[in-house]
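What follows is a short report on a single structure.
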Amino acid sequence: MKTSYSRAVKAERLKLKRSPVWLAFFALPIISAFFGTVNYRMNIGILKSEWYSLWSQHSLFLCYFFMPALIGTYCSYLWRLEHTHHNWNSFLTAPVPLVSLYLGKLTQAVFMAILGNAWIFLLFYVCGKFAGIQSPFPSKALEWFLCGVVGTVVICCVQLLFSLIIRSFAIPIGIALLGGVLGLMMTNRDHGLDYPYSIYCMGMRANNPNLEVDVPTLMINSLGYIIIFAALAILYLRRREISAN
């Protein structure tokens, strides 16, 4: 199993080696950080909580809109070869278990999303220093990052299922954008931990660094969504394998 999983990860990495999609994970956070820092500097008389105020400016649009769309784009690209080149028979008859094939794609999606999150926090730190913040970097940021990573895995599982089922490249990205909008609504109605797209935002404390989050509930709900959507994707692949045969 370990060997087949490693082969699947390596194959997905080779497919995406020259893909420009990963550049968006680095470009969009720069744009968000730039405008968030400018807005912080322009309203520094009102925003007096330094790092926490800066984070509120950095994270709102990034966590609710940009990041879900980026993950949606990447997940669509991961299934693009199978959908556009009619490569399903080769994919499904590969000498690798379907679980490993799916986990290979999930690993690539999660890896890129984690790199994106790490880049977000690096920009946050650099922009804070550039903005002249002298107080220590908030220790809570580590919790935000770790909870955000868990939420990222949830979105990856959801989007991989949609991108697996839907042949269109763009429709799953639109679903991710809509999911982010609905996530904001669910968070405002105190149901953020019950909805897969808002778990990431809750974990990252998007636009509200002082938000108290029930971390055990976040972890349990996240694990539940990960298991459900991963199982649905593998079940769909098994049924498709039977149809192909």
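Chain lettering (A, B, ...) mirrors the order of the structure tokens, residue numbering begins at 1 for each chain separately, and ligand numbering begins at 1 in order of display.
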
Can you list, as a count of residues only, every residue of region 97-211 of chain A that DSSP puts in alpha helix (DSSP H)? 87

Hey, which bits of region 86-108 of chain A sit within 8 Å of region 232-240 of chain A, and for each residue what's the closest pair of atoms and how far apart in Å (one decimal), counting only C-alpha atoms, rows by chain and increasing number, as JSON lines?
```
{"residue": "A:Leu92", "atom": "CA", "partner": "A:Leu237", "partner_atom": "CA", "distance": 7.9}
{"residue": "A:Leu98", "atom": "CA", "partner": "A:Ile234", "partner_atom": "CA", "distance": 6.9}
{"residue": "A:Val99", "atom": "CA", "partner": "A:Ile234", "partner_atom": "CA", "distance": 6.4}
{"residue": "A:Tyr102", "atom": "CA", "partner": "A:Ile234", "partner_atom": "CA", "distance": 6.9}
```

Spatial neighbours of region 9-22 of chain A, 10 Å, only C-alpha atoms, chain gap at least 4 places, as a ChimeraX atom specification: /A:3-5,26-27,70-71,73-74,77-79,81,100-109,112-113,115-116

For the residues in that selection, give me C-alpha atoms as a short mmCIF file (atom, residue, chain, number, x, y, z; two decimals), in the first residue's frame.
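Generated file (part.cif):
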```cif
data_model
loop_
_atom_site.label_atom_id
_atom_site.label_comp_id
_atom_site.auth_asym_id
_atom_site.auth_seq_id
_atom_site.Cartn_x
_atom_site.Cartn_y
_atom_site.Cartn_z
CA THR A 3 4.54 1.73 -2.46
CA SER A 4 1.35 2.15 -4.51
CA TYR A 5 0.52 5.36 -2.65
CA PHE A 26 1.34 32.71 -4.36
CA ALA A 27 -0.02 35.60 -6.45
CA LEU A 70 -7.91 28.53 -5.48
CA ILE A 71 -8.48 25.08 -4.01
CA THR A 73 -9.17 25.51 -9.36
CA TYR A 74 -6.39 23.18 -8.28
CA TYR A 77 -6.91 20.73 -12.65
CA LEU A 78 -6.07 17.48 -10.86
CA TRP A 79 -8.94 15.73 -12.70
CA LEU A 81 -6.34 14.98 -17.68
CA SER A 100 -4.10 5.09 -3.56
CA LEU A 101 -5.03 6.85 -6.80
CA TYR A 102 -7.48 9.06 -4.93
CA LEU A 103 -5.08 9.70 -2.06
CA GLY A 104 -2.41 10.70 -4.58
CA LYS A 105 -4.64 13.51 -5.84
CA LEU A 106 -5.77 14.47 -2.33
CA THR A 107 -2.16 14.63 -1.14
CA GLN A 108 -1.21 16.98 -3.98
CA ALA A 109 -4.20 19.24 -3.29
CA MET A 112 -0.38 22.92 -2.28
CA ALA A 113 -3.06 24.33 0.03
CA LEU A 115 2.01 25.82 1.13
CA GLY A 116 -0.52 28.51 0.31
#
```

Please report as JSON lines every residue of region 65-108 of chain A lying within 6 Å of region 172-180 of chain A, along with the nearest atom pair and their distance in Å (one decimal), using only C-alpha atoms.
```
{"residue": "A:Phe65", "atom": "CA", "partner": "A:Gly180", "partner_atom": "CA", "distance": 5.3}
{"residue": "A:Pro68", "atom": "CA", "partner": "A:Ala176", "partner_atom": "CA", "distance": 5.4}
{"residue": "A:Ala69", "atom": "CA", "partner": "A:Ala176", "partner_atom": "CA", "distance": 5.3}
{"residue": "A:Gly72", "atom": "CA", "partner": "A:Ile173", "partner_atom": "CA", "distance": 4.8}
{"residue": "A:Thr73", "atom": "CA", "partner": "A:Ile173", "partner_atom": "CA", "distance": 5.6}
```

What's around Cys75 (chain A) at 7 Å? Count only C-alpha atoms, leave out sequence neighbours fewer than 6 positions away in its own chain, and write the answer as number ranges by chain. A: 109, 159-160, 163

Top pick for closest residue to Leu23 (chain A), considering A:Phe130, A:Leu142, A:Trp119, A:Val213 and counting only C-alpha atoms: A:Trp119

Using only C-alpha atoms, which residues sit within 10 Å of Cys147 (chain A) once same-chain residues fewer than 2 positions away are excluded, as a list in words?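 Listed by chain and then number, they are Ala141, Leu142, Glu143, Trp144, Phe145, Val149, Val150, Gly151, Thr152, Ile199, Tyr200, Cys201, Met202, Gly203, Met204, Arg205, Val213, Val215, Leu218, Met219 and Ser222 of chain A.
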
Distance criterion (only C-alpha atoms): nearest to Ser139 (chain A) out of A:Thr187, A:Phe61, A:Trp51, A:Leu164: A:Trp51

Using only C-alpha atoms, I'd like a table of the residues in region 145-239 of chain A that come within 7 Å of region 55-59 of chain A; for each, show the closest atom pair and its distance in Å rounded to one decimal, ordered by chain and ascending number, as CSV.
```
residue,atom,partner,partner_atom,distance
A:Ala206,CA,A:Ser59,CA,4.9
A:Asn207,CA,A:Ser56,CA,3.9
A:Asn208,CA,A:Ser56,CA,5.8
A:Pro209,CA,A:Ser56,CA,6.6
```

Using only C-alpha atoms, please write the residues we just selected to a file, as a short mmCIF file (atom, residue, chain, number, x, y, z; two decimals), in the first residue's frame.
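For reference, part31.cif as written:
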```cif
data_model
loop_
_atom_site.label_atom_id
_atom_site.label_comp_id
_atom_site.auth_asym_id
_atom_site.auth_seq_id
_atom_site.Cartn_x
_atom_site.Cartn_y
_atom_site.Cartn_z
CA ALA A 206 -11.04 35.30 9.33
CA ASN A 207 -11.87 38.96 9.98
CA ASN A 208 -12.24 38.26 13.71
CA PRO A 209 -8.96 37.28 15.45
#
```
